[in-house]
$ cat input.cif   # mmCIF, C-alpha atoms
data_model
#
loop_
_atom_site.group_PDB
_atom_site.id
_atom_site.type_symbol
_atom_site.label_atom_id
_atom_site.label_comp_id
_atom_site.auth_asym_id
_atom_site.auth_seq_id
_atom_site.Cartn_x
_atom_site.Cartn_y
_atom_site.Cartn_z
ATOM 1 C CA MET A 1 -79.329 -7.661 61.232
ATOM 2 C CA THR A 2 -80.585 -11.153 60.357
ATOM 3 C CA THR A 3 -78.468 -14.227 59.731
ATOM 4 C CA ARG A 4 -79.333 -16.223 56.625
ATOM 5 C CA ALA A 5 -78.125 -19.690 55.622
ATOM 6 C CA VAL A 6 -76.853 -19.189 52.067
ATOM 7 C CA VAL A 7 -75.771 -21.868 49.585
ATOM 8 C CA ARG A 8 -72.011 -21.485 49.113
ATOM 9 C CA GLY A 9 -71.166 -24.609 47.090
ATOM 10 C CA LEU A 10 -72.697 -27.721 45.502
ATOM 11 C CA GLY A 11 -71.463 -31.153 44.478
ATOM 12 C CA HIS A 12 -72.661 -34.639 43.623
ATOM 13 C CA TYR A 13 -71.457 -38.143 42.927
ATOM 14 C CA LEU A 14 -72.973 -40.992 40.912
ATOM 15 C CA PRO A 15 -71.694 -44.584 40.804
ATOM 16 C CA GLU A 16 -70.096 -45.712 37.543
ATOM 17 C CA ARG A 17 -72.612 -48.457 36.790
ATOM 18 C CA VAL A 18 -75.530 -47.200 34.710
ATOM 19 C CA VAL A 19 -78.585 -49.468 34.607
ATOM 20 C CA GLU A 20 -80.833 -48.837 31.609
ATOM 21 C CA ASN A 21 -84.500 -49.831 31.729
ATOM 22 C CA ASP A 22 -83.890 -52.624 29.242
ATOM 23 C CA GLU A 23 -81.686 -54.437 31.777
ATOM 24 C CA PHE A 24 -84.784 -55.220 33.859
ATOM 25 C CA THR A 25 -86.515 -56.918 30.927
ATOM 26 C CA ARG A 26 -84.108 -59.855 31.232
ATOM 27 C CA THR A 27 -85.585 -60.946 34.572
ATOM 28 C CA LEU A 28 -88.944 -59.167 34.878
ATOM 29 C CA ASP A 29 -92.186 -58.932 32.923
ATOM 30 C CA THR A 30 -91.628 -55.278 32.070
ATOM 31 C CA SER A 31 -90.394 -53.029 29.279
ATOM 32 C CA ASP A 32 -88.609 -49.739 28.777
ATOM 33 C CA GLU A 33 -91.905 -48.192 27.646
ATOM 34 C CA TRP A 34 -93.784 -49.500 30.717
ATOM 35 C CA ILE A 35 -91.211 -47.966 33.069
ATOM 36 C CA ARG A 36 -90.893 -44.651 31.221
ATOM 37 C CA THR A 37 -94.615 -44.036 30.807
ATOM 38 C CA ARG A 38 -95.392 -44.766 34.465
ATOM 39 C CA SER A 39 -92.433 -43.075 36.104
ATOM 40 C CA GLY A 40 -90.413 -40.985 33.646
ATOM 41 C CA ILE A 41 -87.289 -42.991 34.473
ATOM 42 C CA GLU A 42 -84.958 -44.141 31.686
ATOM 43 C CA ARG A 43 -81.886 -45.180 33.654
ATOM 44 C CA ARG A 44 -80.340 -45.109 37.107
ATOM 45 C CA HIS A 45 -76.964 -45.731 38.765
ATOM 46 C CA PHE A 46 -76.200 -48.652 41.077
ATOM 47 C CA ALA A 47 -73.313 -48.690 43.546
ATOM 48 C CA ALA A 48 -70.480 -51.112 42.867
ATOM 49 C CA GLU A 49 -69.900 -54.082 45.138
ATOM 50 C CA GLY A 50 -68.283 -52.737 48.296
ATOM 51 C CA GLU A 51 -69.206 -49.126 47.488
ATOM 52 C CA THR A 52 -70.969 -47.591 50.484
ATOM 53 C CA THR A 53 -73.249 -44.693 51.276
ATOM 54 C CA SER A 54 -70.562 -42.882 53.266
ATOM 55 C CA GLN A 55 -68.036 -43.236 50.427
ATOM 56 C CA MET A 56 -70.458 -41.711 47.931
ATOM 57 C CA ALA A 57 -71.398 -38.998 50.430
ATOM 58 C CA ALA A 58 -67.743 -38.109 50.965
ATOM 59 C CA ARG A 59 -67.147 -37.752 47.223
ATOM 60 C CA ALA A 60 -70.155 -35.465 46.842
ATOM 61 C CA ALA A 61 -69.023 -33.489 49.896
ATOM 62 C CA ARG A 62 -65.525 -33.006 48.457
ATOM 63 C CA ASN A 63 -67.024 -31.717 45.228
ATOM 64 C CA ALA A 64 -69.207 -29.268 47.170
ATOM 65 C CA LEU A 65 -66.190 -28.041 49.137
ATOM 66 C CA ASP A 66 -64.235 -27.555 45.918
ATOM 67 C CA ASP A 67 -67.149 -25.624 44.400
ATOM 68 C CA ALA A 68 -67.250 -23.419 47.504
ATOM 69 C CA GLY A 69 -63.472 -22.922 47.526
ATOM 70 C CA LEU A 70 -63.296 -24.297 51.064
ATOM 71 C CA ASN A 71 -61.446 -27.003 52.991
ATOM 72 C CA ALA A 72 -62.879 -29.514 55.447
ATOM 73 C CA SER A 73 -61.308 -27.466 58.265
ATOM 74 C CA ASP A 74 -63.634 -24.585 57.328
ATOM 75 C CA ILE A 75 -66.725 -26.692 58.132
ATOM 76 C CA ASP A 76 -68.359 -26.720 61.569
ATOM 77 C CA ALA A 77 -70.764 -29.618 61.064
ATOM 78 C CA ILE A 78 -71.949 -32.347 58.710
ATOM 79 C CA ILE A 79 -75.597 -33.405 58.518
ATOM 80 C CA LEU A 80 -76.158 -36.482 56.368
ATOM 81 C CA ALA A 81 -79.643 -37.529 55.275
ATOM 82 C CA THR A 82 -79.868 -41.247 54.543
ATOM 83 C CA SER A 83 -82.029 -44.320 55.085
ATOM 84 C CA THR A 84 -79.247 -46.665 53.965
ATOM 85 C CA PRO A 85 -76.271 -46.034 56.285
ATOM 86 C CA ASP A 86 -73.176 -48.228 56.160
ATOM 87 C CA LEU A 87 -73.771 -49.594 59.660
ATOM 88 C CA THR A 88 -76.461 -49.502 62.340
ATOM 89 C CA PHE A 89 -74.052 -47.195 64.150
ATOM 90 C CA PRO A 90 -71.981 -45.065 64.185
ATOM 91 C CA SER A 91 -73.585 -42.542 61.868
ATOM 92 C CA ALA A 92 -72.468 -42.399 58.258
ATOM 93 C CA ALA A 93 -71.905 -38.671 58.801
ATOM 94 C CA THR A 94 -69.035 -39.371 61.210
ATOM 95 C CA MET A 95 -67.513 -41.638 58.554
ATOM 96 C CA VAL A 96 -67.701 -38.775 56.065
ATOM 97 C CA GLN A 97 -66.142 -36.493 58.672
ATOM 98 C CA ASN A 98 -63.224 -38.891 58.998
ATOM 99 C CA GLU A 99 -62.895 -39.401 55.230
ATOM 100 C CA LEU A 100 -62.669 -35.644 54.713
ATOM 101 C CA GLY A 101 -59.990 -35.319 57.403
ATOM 102 C CA MET A 102 -62.218 -33.040 59.458
ATOM 103 C CA THR A 103 -60.927 -33.234 63.044
ATOM 104 C CA GLY A 104 -63.230 -30.675 64.665
ATOM 105 C CA GLY A 105 -66.914 -29.907 64.727
ATOM 106 C CA PHE A 106 -69.659 -32.521 64.818
ATOM 107 C CA ALA A 107 -71.549 -34.845 62.471
ATOM 108 C CA PHE A 108 -74.823 -36.773 62.608
ATOM 109 C CA ASP A 109 -77.394 -38.520 60.400
ATOM 110 C CA VAL A 110 -81.011 -37.580 59.730
ATOM 111 C CA GLN A 111 -83.540 -40.253 58.688
ATOM 112 C CA ALA A 112 -86.722 -39.074 56.983
ATOM 113 C CA VAL A 113 -86.451 -41.290 53.890
ATOM 114 C CA CYS A 114 -87.099 -39.354 50.659
ATOM 115 C CA ALA A 115 -87.810 -36.171 52.631
ATOM 116 C CA GLY A 116 -84.529 -36.575 54.508
ATOM 117 C CA PHE A 117 -82.646 -33.804 52.735
ATOM 118 C CA ILE A 118 -85.413 -31.286 53.469
ATOM 119 C CA PHE A 119 -85.298 -32.243 57.167
ATOM 120 C CA ALA A 120 -81.477 -32.061 57.173
ATOM 121 C CA LEU A 121 -81.572 -28.659 55.498
ATOM 122 C CA ALA A 122 -84.082 -27.440 58.097
ATOM 123 C CA ASN A 123 -81.771 -28.580 60.907
ATOM 124 C CA ALA A 124 -78.774 -26.885 59.321
ATOM 125 C CA ASN A 125 -80.721 -23.665 58.814
ATOM 126 C CA ALA A 126 -81.808 -23.614 62.475
ATOM 127 C CA MET A 127 -78.239 -24.218 63.678
ATOM 128 C CA ILE A 128 -76.901 -21.405 61.536
ATOM 129 C CA ASN A 129 -79.672 -19.030 62.599
ATOM 130 C CA SER A 130 -78.979 -19.824 66.263
ATOM 131 C CA GLY A 131 -75.249 -19.195 65.884
ATOM 132 C CA MET A 132 -74.333 -22.813 66.648
ATOM 133 C CA ALA A 133 -72.456 -23.150 63.369
ATOM 134 C CA LYS A 134 -71.195 -20.882 60.591
ATOM 135 C CA ARG A 135 -70.737 -23.435 57.804
ATOM 136 C CA ILE A 136 -72.504 -26.792 57.494
ATOM 137 C CA LEU A 137 -72.139 -29.535 54.913
ATOM 138 C CA VAL A 138 -75.609 -30.915 54.187
ATOM 139 C CA VAL A 139 -75.503 -34.210 52.334
ATOM 140 C CA GLY A 140 -78.048 -36.670 50.962
ATOM 141 C CA ALA A 141 -76.745 -40.129 50.044
ATOM 142 C CA GLU A 142 -78.376 -43.499 49.413
ATOM 143 C CA THR A 143 -77.649 -47.041 48.263
ATOM 144 C CA PHE A 144 -81.262 -48.086 47.749
ATOM 145 C CA SER A 145 -80.162 -50.891 45.430
ATOM 146 C CA ARG A 146 -79.287 -52.821 48.608
ATOM 147 C CA ILE A 147 -82.885 -52.806 49.923
ATOM 148 C CA LEU A 148 -84.826 -53.575 46.754
ATOM 149 C CA ASP A 149 -86.824 -56.682 45.925
ATOM 150 C CA PHE A 150 -85.660 -57.400 42.372
ATOM 151 C CA GLU A 151 -88.652 -59.657 41.785
ATOM 152 C CA ASP A 152 -91.094 -56.780 42.389
ATOM 153 C CA ARG A 153 -91.352 -54.876 39.119
ATOM 154 C CA ALA A 154 -93.499 -52.174 40.730
ATOM 155 C CA THR A 155 -90.653 -50.978 42.967
ATOM 156 C CA CYS A 156 -87.225 -52.211 41.896
ATOM 157 C CA VAL A 157 -87.254 -50.263 38.613
ATOM 158 C CA LEU A 158 -87.837 -46.935 40.377
ATOM 159 C CA PHE A 159 -84.793 -46.453 42.576
ATOM 160 C CA GLY A 160 -81.122 -45.656 42.151
ATOM 161 C CA ASP A 161 -77.989 -44.803 44.138
ATOM 162 C CA GLY A 162 -76.038 -41.571 44.462
ATOM 163 C CA ALA A 163 -75.156 -38.595 46.607
ATOM 164 C CA GLY A 164 -75.480 -34.827 46.571
ATOM 165 C CA ALA A 165 -74.127 -32.173 48.908
ATOM 166 C CA LEU A 166 -74.185 -28.469 49.544
ATOM 167 C CA VAL A 167 -72.356 -26.062 51.811
ATOM 168 C CA LEU A 168 -74.587 -23.701 53.787
ATOM 169 C CA GLU A 169 -72.891 -20.588 55.112
ATOM 170 C CA ALA A 170 -74.053 -17.914 57.553
ATOM 171 C CA GLN A 171 -74.304 -14.544 55.823
ATOM 172 C CA PRO A 172 -75.917 -11.291 56.949
ATOM 173 C CA GLY A 173 -79.372 -10.414 55.703
ATOM 174 C CA THR A 174 -81.955 -7.711 56.195
ATOM 175 C CA GLY A 175 -84.716 -10.058 57.348
ATOM 176 C CA ASN A 176 -86.954 -9.497 54.338
ATOM 177 C CA LYS A 177 -87.972 -11.769 51.472
ATOM 178 C CA ASP A 178 -85.344 -10.333 49.136
ATOM 179 C CA ASP A 179 -82.490 -11.812 51.188
ATOM 180 C CA ARG A 180 -80.336 -14.548 49.735
ATOM 181 C CA GLY A 181 -80.453 -17.906 51.531
ATOM 182 C CA ILE A 182 -83.169 -19.957 53.196
ATOM 183 C CA LEU A 183 -86.276 -17.843 53.721
ATOM 184 C CA ALA A 184 -88.745 -20.388 55.118
ATOM 185 C CA VAL A 185 -89.165 -24.060 56.028
ATOM 186 C CA ASP A 186 -92.272 -26.222 56.450
ATOM 187 C CA LEU A 187 -92.023 -29.756 57.904
ATOM 188 C CA ASN A 188 -94.728 -32.385 58.436
ATOM 189 C CA SER A 189 -95.206 -36.057 59.271
ATOM 190 C CA ASP A 190 -98.038 -38.554 59.781
ATOM 191 C CA GLY A 191 -97.093 -41.891 61.323
ATOM 192 C CA SER A 192 -100.523 -43.380 60.633
ATOM 193 C CA GLN A 193 -99.561 -43.609 56.946
ATOM 194 C CA ARG A 194 -96.431 -45.710 57.438
ATOM 195 C CA ASP A 195 -97.731 -48.726 55.496
ATOM 196 C CA LEU A 196 -97.731 -46.743 52.243
ATOM 197 C CA LEU A 197 -93.926 -46.914 52.020
ATOM 198 C CA TYR A 198 -91.668 -48.890 54.313
ATOM 199 C CA VAL A 199 -88.920 -51.505 54.543
ATOM 200 C CA ASP A 200 -89.938 -54.809 56.132
ATOM 201 C CA GLY A 201 -86.896 -55.219 58.350
ATOM 202 C CA GLY A 202 -85.078 -53.551 61.215
ATOM 203 C CA VAL A 203 -82.733 -53.960 64.148
ATOM 204 C CA SER A 204 -85.395 -54.399 66.845
ATOM 205 C CA THR A 205 -87.819 -56.457 64.738
ATOM 206 C CA THR A 206 -86.276 -58.876 62.249
ATOM 207 C CA GLY A 207 -82.607 -58.141 62.760
ATOM 208 C CA THR A 208 -82.286 -57.811 58.984
ATOM 209 C CA ALA A 209 -82.250 -54.907 56.554
ATOM 210 C CA GLY A 210 -85.423 -56.042 54.783
ATOM 211 C CA VAL A 211 -86.703 -54.841 51.400
ATOM 212 C CA LEU A 212 -88.793 -51.911 50.259
ATOM 213 C CA LYS A 213 -92.589 -52.196 50.137
ATOM 214 C CA MET A 214 -94.835 -49.571 48.565
ATOM 215 C CA GLN A 215 -98.521 -48.942 47.898
ATOM 216 C CA GLY A 216 -97.938 -46.911 44.754
ATOM 217 C CA PRO A 217 -101.437 -45.668 43.770
ATOM 218 C CA GLU A 218 -102.353 -44.500 47.281
ATOM 219 C CA LEU A 219 -98.940 -42.901 47.793
ATOM 220 C CA PHE A 220 -99.386 -41.017 44.522
ATOM 221 C CA LYS A 221 -102.678 -39.532 45.737
ATOM 222 C CA GLN A 222 -101.132 -38.459 49.024
ATOM 223 C CA ALA A 223 -97.995 -37.059 47.414
ATOM 224 C CA VAL A 224 -99.468 -34.495 45.020
ATOM 225 C CA ASN A 225 -101.781 -32.944 47.613
ATOM 226 C CA LYS A 226 -99.279 -32.915 50.454
ATOM 227 C CA LEU A 227 -96.469 -31.506 48.311
ATOM 228 C CA ALA A 228 -98.652 -28.668 47.052
ATOM 229 C CA GLU A 229 -99.853 -27.911 50.591
ATOM 230 C CA THR A 230 -96.362 -27.818 52.106
ATOM 231 C CA ALA A 231 -95.084 -25.701 49.219
ATOM 232 C CA LEU A 232 -97.806 -23.108 49.743
ATOM 233 C CA ALA A 233 -97.246 -23.168 53.522
ATOM 234 C CA ALA A 234 -93.523 -22.486 53.121
ATOM 235 C CA LEU A 235 -94.180 -19.705 50.613
ATOM 236 C CA GLU A 236 -96.712 -18.088 52.961
ATOM 237 C CA LYS A 237 -94.166 -18.144 55.791
ATOM 238 C CA ALA A 238 -91.740 -16.337 53.508
ATOM 239 C CA GLY A 239 -94.355 -13.758 52.479
ATOM 240 C CA LEU A 240 -94.288 -15.026 48.899
ATOM 241 C CA GLU A 241 -96.614 -16.698 46.402
ATOM 242 C CA ALA A 242 -96.201 -19.463 43.853
ATOM 243 C CA HIS A 243 -95.985 -17.018 40.933
ATOM 244 C CA ASP A 244 -92.864 -15.518 42.574
ATOM 245 C CA LEU A 245 -90.952 -18.763 42.033
ATOM 246 C CA ASP A 246 -88.289 -19.138 39.375
ATOM 247 C CA TRP A 247 -87.648 -22.827 39.979
ATOM 248 C CA ILE A 248 -89.100 -25.859 41.708
ATOM 249 C CA VAL A 249 -86.501 -28.490 42.625
ATOM 250 C CA PRO A 250 -88.644 -31.469 43.644
ATOM 251 C CA HIS A 251 -87.850 -34.879 45.022
ATOM 252 C CA GLN A 252 -87.293 -36.959 41.898
ATOM 253 C CA ALA A 253 -89.757 -39.811 42.465
ATOM 254 C CA ASN A 254 -92.239 -39.876 39.609
ATOM 255 C CA ILE A 255 -92.723 -37.501 36.677
ATOM 256 C CA ARG A 256 -96.512 -37.551 37.121
ATOM 257 C CA ILE A 257 -96.180 -36.476 40.770
ATOM 258 C CA ILE A 258 -93.755 -33.733 39.759
ATOM 259 C CA ALA A 259 -96.034 -32.475 36.975
ATOM 260 C CA GLY A 260 -99.140 -32.740 39.148
ATOM 261 C CA THR A 261 -97.576 -30.669 41.918
ATOM 262 C CA ALA A 262 -96.390 -27.993 39.493
ATOM 263 C CA LYS A 263 -99.896 -27.784 38.019
ATOM 264 C CA LYS A 264 -101.471 -27.346 41.461
ATOM 265 C CA LEU A 265 -99.076 -24.451 42.051
ATOM 266 C CA GLY A 266 -100.020 -22.892 38.708
ATOM 267 C CA LEU A 267 -96.564 -23.392 37.207
ATOM 268 C CA THR A 268 -95.350 -25.112 34.051
ATOM 269 C CA MET A 269 -92.682 -27.798 33.708
ATOM 270 C CA GLU A 270 -90.375 -25.101 32.332
ATOM 271 C CA ASN A 271 -90.040 -23.965 35.950
ATOM 272 C CA VAL A 272 -89.119 -27.452 37.215
ATOM 273 C CA ILE A 273 -85.700 -29.094 37.507
ATOM 274 C CA VAL A 274 -85.997 -32.739 36.388
ATOM 275 C CA THR A 275 -83.164 -35.283 36.582
ATOM 276 C CA LEU A 276 -85.409 -38.281 37.250
ATOM 277 C CA HIS A 277 -84.883 -39.746 33.787
ATOM 278 C CA ASP A 278 -81.149 -40.173 34.385
ATOM 279 C CA HIS A 279 -81.000 -40.981 38.111
ATOM 280 C CA GLY A 280 -84.268 -42.638 39.113
ATOM 281 C CA ASN A 281 -85.475 -42.077 42.663
ATOM 282 C CA THR A 282 -82.375 -41.636 44.828
ATOM 283 C CA SER A 283 -84.436 -40.855 47.934
ATOM 284 C CA ALA A 284 -82.659 -38.339 50.206
ATOM 285 C CA ALA A 285 -80.004 -37.759 47.528
ATOM 286 C CA SER A 286 -82.426 -36.675 44.818
ATOM 287 C CA ILE A 287 -82.810 -32.968 45.637
ATOM 288 C CA PRO A 288 -79.109 -32.180 46.197
ATOM 289 C CA LEU A 289 -78.275 -34.234 43.076
ATOM 290 C CA ALA A 290 -80.767 -32.221 41.046
ATOM 291 C CA LEU A 291 -79.505 -28.934 42.507
ATOM 292 C CA SER A 292 -75.887 -29.770 41.705
ATOM 293 C CA VAL A 293 -76.614 -30.933 38.153
ATOM 294 C CA ALA A 294 -78.775 -27.880 37.396
ATOM 295 C CA ASN A 295 -76.147 -25.584 38.879
ATOM 296 C CA GLN A 296 -73.467 -27.128 36.660
ATOM 297 C CA GLN A 297 -75.749 -26.517 33.695
ATOM 298 C CA GLY A 298 -75.908 -22.824 34.647
ATOM 299 C CA LYS A 299 -79.653 -22.767 35.247
ATOM 300 C CA PHE A 300 -79.598 -20.743 38.469
ATOM 301 C CA LYS A 301 -78.660 -17.082 38.699
ATOM 302 C CA GLU A 302 -78.226 -14.955 41.800
ATOM 303 C CA GLY A 303 -81.577 -13.756 43.092
ATOM 304 C CA ASP A 304 -83.592 -16.680 41.698
ATOM 305 C CA LEU A 305 -86.283 -17.978 44.046
ATOM 306 C CA LEU A 306 -86.256 -21.765 44.510
ATOM 307 C CA LEU A 307 -88.731 -24.131 46.119
ATOM 308 C CA LEU A 308 -87.418 -27.504 47.298
ATOM 309 C CA GLU A 309 -90.054 -30.083 48.265
ATOM 310 C CA ALA A 310 -90.194 -33.798 49.050
ATOM 311 C CA ILE A 311 -92.310 -36.560 50.554
ATOM 312 C CA GLY A 312 -91.160 -39.932 51.831
ATOM 313 C CA GLY A 313 -91.937 -42.832 54.099
ATOM 314 C CA GLY A 314 -93.320 -42.005 57.503
ATOM 315 C CA LEU A 315 -95.106 -40.296 55.914
ATOM 316 C CA ALA A 316 -92.792 -37.307 56.190
ATOM 317 C CA TRP A 317 -92.904 -34.298 53.891
ATOM 318 C CA GLY A 318 -91.787 -30.700 53.725
ATOM 319 C CA ALA A 319 -90.567 -27.750 51.712
ATOM 320 C CA VAL A 320 -87.834 -25.126 51.787
ATOM 321 C CA VAL A 321 -87.940 -21.725 50.096
ATOM 322 C CA LEU A 322 -84.559 -20.201 49.346
ATOM 323 C CA ARG A 323 -83.133 -17.412 47.267
ATOM 324 C CA TRP A 324 -80.050 -18.165 45.215
#
$ encode --input "input.cif" --output "structure tokens"
Amino acid sequence: MTTRAVVRGLGHYLPERVVENDEFTRTLDTSDEWIRTRSGIERRHFAAEGETTSQMAARAARNALDDAGLNASDIDAIILATSTPDLTFPSAATMVQNELGMTGGFAFDVQAVCAGFIFALANANAMINSGMAKRILVVGAETFSRILDFEDRATCVLFGDGAGALVLEAQPGTGNKDDRGILAVDLNSDGSQRDLLYVDGGVSTTGTAGVLKMQGPELFKQAVNKLAETALAALEKAGLEAHDLDWIVPHQANIRIIAGTAKKLGLTMENVIVTLHDHGNTSAASIPLALSVANQQGKFKEGDLLLLEAIGGGLAWGAVVLRW
């Protein structure tokens, strides 16, 4: 008998403030058409003043628990992927734990920027497979609006705020590729590429949060190839091929990256979940947000094969293959 980490519930949260592309034209030399044609983004959400990453994460987590029909007391652990925590420490995950009224178990943050949710999901899967936990809340949440340079039109128009969460639960499986749950994980990083996407501040350097810096064209080149490679690696580990997939749920960064990766895998955009136009790039929150929205729309059915993949600063990238 094999233990599989199966998705039990999903939820998300988006701040009330919606920022349309046209809002940027008041202060920047840009246009709605310029933003849409280069990124696919039409609007994004920005957190309200005083609204924090942990607060958004907690709301998404509550929605996931409700979807799963569970209480916080049923959860053994919380893993929160974020690059924009409320404080340097303690972890935002422990703040979510407290907000949910969860008095047992453990909670911690994972930081792998836009790939953070994939890395958090991999950690949760390993803990469930090892018997360390039965049910884990895996959350991605970001307030990237707090680390943007609003004079840099190449970056500030791309990002948004939000949170997504899912409940992973240990369930018995047969150990073959027809099992429900996570079937394979592939993780990668390359620290020599850090200058392609980074924030120019930090506790041990400037003592400030800093703002986001990105080399867009070079990052684009890296992203399509690395995402296709990690996707194929994860599928091979699962004993599957790209044509077996029902859905790709990619990191929502750029529509051209998403389309380019799908093409390399021999799939059409009909197989891809896209929420980028409404949310922008929400970094570690983008995949769970997209999963939750698509699930609410009834797109997934039991037995569907999903590929989740992302790349972010570090560079860090990876993929997860799971059966719904």
$ resolve_selection --input "input.cif" --expression "the PyMOL selection byres ((chain A and resi 198) around 10)" --output "VMD selection string"
chain A and resid 113 193 to 197 199 to 201 210 to 215 312 to 315
$ residues_around --input "input.cif" --residues "stretch 79-87 of chain A" --least-positions-apart "4" --cutoff "7 Å" --atoms "all atoms listed in the file" --output "MDAnalysis selection string"
chainID A and resid 52:54 92:93 107:111 113 116:117 120 137:144 284
$ atom_distance --input "input.cif" --atom1 "atom CA of A:Glu236" --atom2 "atom CA of A:Leu307"
12.1 Å
$ residues_near_point --input "input.cif" --point "(-61.6, -29.0, 64.8)" --cutoff "9 Å" --atoms "only C-alpha atoms" --output "PyMOL selection string"
chain A and resi 73-76+102-106
$ closest_residue --input "input.cif" --among "A:Gly207, A:Gly173, A:Gly164, A:Gly191" --to "A:Ala5" --atoms "all atoms listed in the file"
A:Gly173
$ closest_residue --input "input.cif" --among "A:Met127, A:Leu10, A:Leu28, A:Ala238" --to "A:Cys156" --atoms "only C-alpha atoms"
A:Leu28
$ resolve_selection --input "input.cif" --expression "the PyMOL selection byres ((chain A and resi 220) around 10)" --output "list in words"
Leu196, Gln215, Gly216, Pro217, Glu218, Leu219, Lys221, Gln222, Ala223, Val224, Asn225, Ala253, Asn254, Arg256, Ile257 and Gly260 of chain A
$ write_last_selection --input "input.cif" --atoms "C-alpha atoms" --output "mmCIF file, keeping the file's coordinate frame"
data_model
loop_
_atom_site.group_PDB
_atom_site.id
_atom_site.type_symbol
_atom_site.label_atom_id
_atom_site.label_comp_id
_atom_site.auth_asym_id
_atom_site.auth_seq_id
_atom_site.Cartn_x
_atom_site.Cartn_y
_atom_site.Cartn_z
ATOM 1 C CA LEU A 196 -97.731 -46.743 52.243
ATOM 2 C CA GLN A 215 -98.521 -48.942 47.898
ATOM 3 C CA GLY A 216 -97.938 -46.911 44.754
ATOM 4 C CA PRO A 217 -101.437 -45.668 43.770
ATOM 5 C CA GLU A 218 -102.353 -44.500 47.281
ATOM 6 C CA LEU A 219 -98.940 -42.901 47.793
ATOM 7 C CA LYS A 221 -102.678 -39.532 45.737
ATOM 8 C CA GLN A 222 -101.132 -38.459 49.024
ATOM 9 C CA ALA A 223 -97.995 -37.059 47.414
ATOM 10 C CA VAL A 224 -99.468 -34.495 45.020
ATOM 11 C CA ASN A 225 -101.781 -32.944 47.613
ATOM 12 C CA ALA A 253 -89.757 -39.811 42.465
ATOM 13 C CA ASN A 254 -92.239 -39.876 39.609
ATOM 14 C CA ARG A 256 -96.512 -37.551 37.121
ATOM 15 C CA ILE A 257 -96.180 -36.476 40.770
ATOM 16 C CA GLY A 260 -99.140 -32.740 39.148
#
$ closest_residue --input "input.cif" --among "A:His12, A:Gly318, A:Arg135, A:Gly101" --to "A:Ala64" --atoms "only C-alpha atoms"
A:His12
